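S.K.: Pasting a structure below so you can have a look.
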Amino acid sequence: MSWLFYRDKHLQTLSRLRTIMATGQDNGVYQPKRALLLNKNDDVAMVLSCVSKGEQIDIVSDNDVVKVIIAADDIDTYHKVAVRDLPHGIEVHKYGEVIGVTTEHIKEGHWVHVHNLESKVFPVGNKSL
């Protein structure tokens, strides 16, 4: 896959994100944190706001909550969270495509980033963004 494919997927994601954010109701009532599952077969979802360890995250796909998990780490906005346990050495999917391989066992709810994922998209040495 070329970087243009991933750029286009990212732009599609931002468009979907704007739609979800625009329809959310923030009237001072507690709203669970949300993460966007871009493809039903993805192993990771993108958190839509900063999440603190121990907070509930609603995993949303096509405007429906498909799963609820608990954050095992603090996770920054737009970063990835594991939606299931990911054993060491397996391919990780986002956008329905392989984005990398786990470099350690990643449990559900953990932050997925360069410290535990070797990129297959933008390799920089052994790690990537």
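Identifiers for the structure tokens are assigned positionally: chains receive A, B, ... in sequence, residues are indexed from 1 per chain, and ligands are indexed from 1 in the order shown.
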Using only C-alpha atoms, determine which residues lie at most 9 Å from Thr77 of chain A, disregarding the query and same-chain residues fewer than 2 positions distant; provide the list as JSON, numbers by chain.
M.R.: {"A": [46, 47, 48, 49, 50, 51, 75, 79, 80]}
S.K.: Please compute the atom CA of Lys33 of chain A-atom CA of Arg84 of chain A distance, one decimal, in Å.
M.R.: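 A separation of 17.2 Å between them.
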S.K.: I'd like the neighbourhood of Asn41 of chain A as a list in words, where a residue qualifies if any of its atoms comes within 7 Å (using only C-alpha atoms), though same-chain residues fewer than 2 positions away should be ignored.
M.R.: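 Close residues of Asn41 of chain A: Asn39, Asp43 and Gly96 of chain A.
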S.K.: Can I get the selection written as a PDB file, in the first residue's frame, with N, CA and C atoms?
M.R.:
ATOM      1  N   ASN A  39     -13.235  -0.399  10.987  1.00  0.00           N
ATOM      2  CA  ASN A  39     -13.621  -1.570  10.221  1.00  0.00           C
ATOM      3  C   ASN A  39     -13.958  -2.669  11.219  1.00  0.00           C
ATOM      4  N   ASP A  43      -8.339  -4.523  14.904  1.00  0.00           N
ATOM      5  CA  ASP A  43      -7.866  -4.918  16.224  1.00  0.00           C
ATOM      6  C   ASP A  43      -7.733  -3.723  17.157  1.00  0.00           C
ATOM      7  N   GLY A  96      -9.144  -1.925   8.238  1.00  0.00           N
ATOM      8  CA  GLY A  96      -9.296  -3.212   7.578  1.00  0.00           C
ATOM      9  C   GLY A  96      -8.018  -3.686   6.915  1.00  0.00           C
TER      10      GLY A  96
END
S.K.: Have a look at A:Leu38, A:Ile106, A:Ala45, A:Ile99 and name the one nearest to Leu86 of chain A; count only C-alpha atoms.
M.R.: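 Smallest distance to Leu86 of chain A is found for A:Ile106.
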S.K.: Please measure the separation of atom CA of Asp85 of chain A and atom CA of Ser119 of chain A, giving the value in Å to one decimal.
M.R.: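 Separating atom CA of Asp85 of chain A from atom CA of Ser119 of chain A is a distance of 18.2 Å.
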S.K.: Please report the interatomic distance between atom CA of Gly100 of chain A and atom CA of Leu37 of chain A in Å with one decimal.
M.R.: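 Here the two named atoms are 16.7 Å from each other.
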S.K.: From the list A:Val121, A:Ile90, A:Ala35, A:Val98, which residue is nearest Ile69 of chain A when using only C-alpha atoms?
M.R.: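 Of all the options, A:Ala35 lies closest to Ile69 of chain A.
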S.K.: Residues near Ile70 of chain A, anyone? I mean within 8 Å using only C-alpha atoms, not counting same-chain ones fewer than 5 positions away, as a VMD selection string.
M.R.: chain A and resid 53 to 57 109
S.K.: Export, as a PDB file, in the first residue's frame, the selected residues with all heavy atoms.
M.R.:
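Saved the output as result04.pdb:
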ATOM      1  N   LYS A  53      -6.501   5.996  32.494  1.00  0.00           N
ATOM      2  CA  LYS A  53      -6.515   4.602  32.924  1.00  0.00           C
ATOM      3  C   LYS A  53      -7.715   4.368  33.822  1.00  0.00           C
ATOM      4  O   LYS A  53      -7.994   5.148  34.726  1.00  0.00           O
ATOM      5  CB  LYS A  53      -5.215   4.278  33.664  1.00  0.00           C
ATOM      6  CG  LYS A  53      -5.089   2.856  34.116  1.00  0.00           C
ATOM      7  CD  LYS A  53      -3.743   2.626  34.777  1.00  0.00           C
ATOM      8  CE  LYS A  53      -3.606   1.189  35.229  1.00  0.00           C
ATOM      9  NZ  LYS A  53      -2.268   0.925  35.777  1.00  0.00           N
ATOM     10  N   GLY A  54      -8.450   3.294  33.572  1.00  0.00           N
ATOM     11  CA  GLY A  54      -9.609   2.936  34.375  1.00  0.00           C
ATOM     12  C   GLY A  54     -10.936   3.466  33.849  1.00  0.00           C
ATOM     13  O   GLY A  54     -11.990   3.042  34.302  1.00  0.00           O
ATOM     14  N   GLU A  55     -10.884   4.374  32.875  1.00  0.00           N
ATOM     15  CA  GLU A  55     -12.128   4.911  32.320  1.00  0.00           C
ATOM     16  C   GLU A  55     -12.763   3.923  31.346  1.00  0.00           C
ATOM     17  O   GLU A  55     -12.073   3.172  30.661  1.00  0.00           O
ATOM     18  CB  GLU A  55     -11.883   6.229  31.568  1.00  0.00           C
ATOM     19  CG  GLU A  55     -11.726   7.417  32.471  1.00  0.00           C
ATOM     20  CD  GLU A  55     -11.743   8.722  31.693  1.00  0.00           C
ATOM     21  OE1 GLU A  55     -10.797   8.974  30.927  1.00  0.00           O
ATOM     22  OE2 GLU A  55     -12.701   9.492  31.873  1.00  0.00           O
ATOM     23  N   GLN A  56     -14.083   3.973  31.280  1.00  0.00           N
ATOM     24  CA  GLN A  56     -14.831   3.174  30.317  1.00  0.00           C
ATOM     25  C   GLN A  56     -14.699   3.811  28.940  1.00  0.00           C
ATOM     26  O   GLN A  56     -14.763   5.025  28.798  1.00  0.00           O
ATOM     27  CB  GLN A  56     -16.301   3.132  30.714  1.00  0.00           C
ATOM     28  CG  GLN A  56     -17.196   2.444  29.706  1.00  0.00           C
ATOM     29  CD  GLN A  56     -18.645   2.462  30.133  1.00  0.00           C
ATOM     30  OE1 GLN A  56     -18.964   2.159  31.277  1.00  0.00           O
ATOM     31  NE2 GLN A  56     -19.529   2.821  29.211  1.00  0.00           N
ATOM     32  N   ILE A  57     -14.514   2.966  27.928  1.00  0.00           N
ATOM     33  CA  ILE A  57     -14.475   3.423  26.540  1.00  0.00           C
ATOM     34  C   ILE A  57     -15.550   2.671  25.765  1.00  0.00           C
ATOM     35  O   ILE A  57     -15.550   1.438  25.731  1.00  0.00           O
ATOM     36  CB  ILE A  57     -13.109   3.152  25.877  1.00  0.00           C
ATOM     37  CG1 ILE A  57     -11.961   3.760  26.678  1.00  0.00           C
ATOM     38  CG2 ILE A  57     -13.109   3.675  24.440  1.00  0.00           C
ATOM     39  CD1 ILE A  57     -10.582   3.345  26.169  1.00  0.00           C
ATOM     40  N   GLY A 109      -7.667  -2.861  25.910  1.00  0.00           N
ATOM     41  CA  GLY A 109      -7.699  -1.625  26.668  1.00  0.00           C
ATOM     42  C   GLY A 109      -6.368  -0.896  26.750  1.00  0.00           C
ATOM     43  O   GLY A 109      -6.308   0.238  27.209  1.00  0.00           O
TER      44      GLY A 109
END
S.K.: From segment 44-85 of chain A, collect each residue whose DSSP state is strand (DSSP E or B) and return the set as a PyMOL selection string.
M.R.: chain A and resi 44-47+51+56-61+64-70+75+80-82
